[in-house]
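Below: one structure, written as structure tokens.
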Amino acid sequence: MPTEQDNNLFLQAQAYQQQMQGTLMQKEALNMQLMELKRALEELEKSAEADVYKISGTIIIKAPKAVVKKELSEKRESLEAMVRTLESNEKKLKGKITGLKDKFSGEEDGKAAKE
């Protein structure tokens, strides 16, 4: 028969699992944005033009290639930092989930030994 502590451990594990799922979804979305940015930077490098067009809100603006390249590079660095943060959170959550599994299996082993 599950105890209140078992139920609490289970609920905590579910919460961690949901946090992990959210983290993985955010990380995937950021990685997709990073891929798009990298492709844009590659295309920008191929361009021989001094000026390029960029989208700003709902309009398209002509801007110096160097300025657009700098903006995209800064955005890439920002996204990469966000991905690193999410990876760190993912690692912490994995540790917490593993700790709960160990705690739960340890309690199960203790109950089996008493019986």
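Residues in the structure tokens are numbered from 1 in each chain, the chains being A, B, ... in the order shown, and ligands are numbered from 1 in the order shown.
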Write out as CSV the residues of range 15-71 of chain A that have any atom within 9 Å of an atom of range 85-90 of chain A, one row each with the nearest atom pair and its distance in Å to one decimal, counting only C-alpha atoms, sorted by chain and then rising number.
residue,atom,partner,partner_atom,distance
A:Gln19,CA,A:Glu90,CA,8.7
A:Met20,CA,A:Glu90,CA,6.3
A:Thr23,CA,A:Leu86,CA,6.3
A:Leu24,CA,A:Glu90,CA,7.6
A:Gln26,CA,A:Leu86,CA,7.8
A:Lys27,CA,A:Leu86,CA,6.3
Got time to write the residues from that selection, N, CA and C atoms, as a short mmCIF file (atom, residue, chain, number, x, y, z; two decimals), in the first residue's frame?
data_model
loop_
_atom_site.label_atom_id
_atom_site.label_comp_id
_atom_site.auth_asym_id
_atom_site.auth_seq_id
_atom_site.Cartn_x
_atom_site.Cartn_y
_atom_site.Cartn_z
N GLN A 19 8.66 19.42 -16.01
CA GLN A 19 9.66 20.48 -16.19
C GLN A 19 10.67 20.07 -17.25
N MET A 20 11.06 18.81 -17.23
CA MET A 20 12.03 18.30 -18.20
C MET A 20 11.44 18.38 -19.61
N THR A 23 11.50 21.97 -20.73
CA THR A 23 12.88 22.37 -21.01
C THR A 23 13.32 21.83 -22.37
N LEU A 24 13.01 20.58 -22.64
CA LEU A 24 13.41 19.97 -23.91
C LEU A 24 12.70 20.64 -25.09
N GLN A 26 11.63 23.80 -25.19
CA GLN A 26 12.25 25.11 -25.35
C GLN A 26 13.60 24.98 -26.05
N LYS A 27 14.37 24.00 -25.63
CA LYS A 27 15.69 23.79 -26.22
C LYS A 27 15.58 23.47 -27.70
#
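Here CA of Leu79 in chain A is placed at a distance of 19.4 Å from CA of Gly57 in chain A.
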* To do: Step one, run DSSP on the backbone; step two, keep only residues of range 28-114 of chain A assigned to strand (DSSP E); then write them as a ChimeraX atom specification.
  => /A:51-56,59-64
Each residue of range 58-100 of chain A with at least one atom at most 10 Å from range 44-47 of chain A should appear once, together with its nearest atom pair and the corresponding distance in Å (one decimal); atoms considered: only C-alpha atoms; ordering: chain, then increasing residue number; output as a Markdown table.
| residue | atom | partner | partner_atom | distance |
| --- | --- | --- | --- | --- |
| A:Lys65 | CA | A:Leu44 | CA | 7.4 |
| A:Ala66 | CA | A:Leu44 | CA | 9.3 |
| A:Val68 | CA | A:Leu44 | CA | 8.6 |
| A:Lys69 | CA | A:Leu44 | CA | 7.2 |
| A:Leu72 | CA | A:Leu44 | CA | 9.9 |
* To do: List every residue of range 5-96 of chain A that DSSP, applied to the backbone of this structure, places in alpha helix (DSSP H), and write the result as an MDAnalysis selection string.
  => chainID A and resid 5:46 65:96
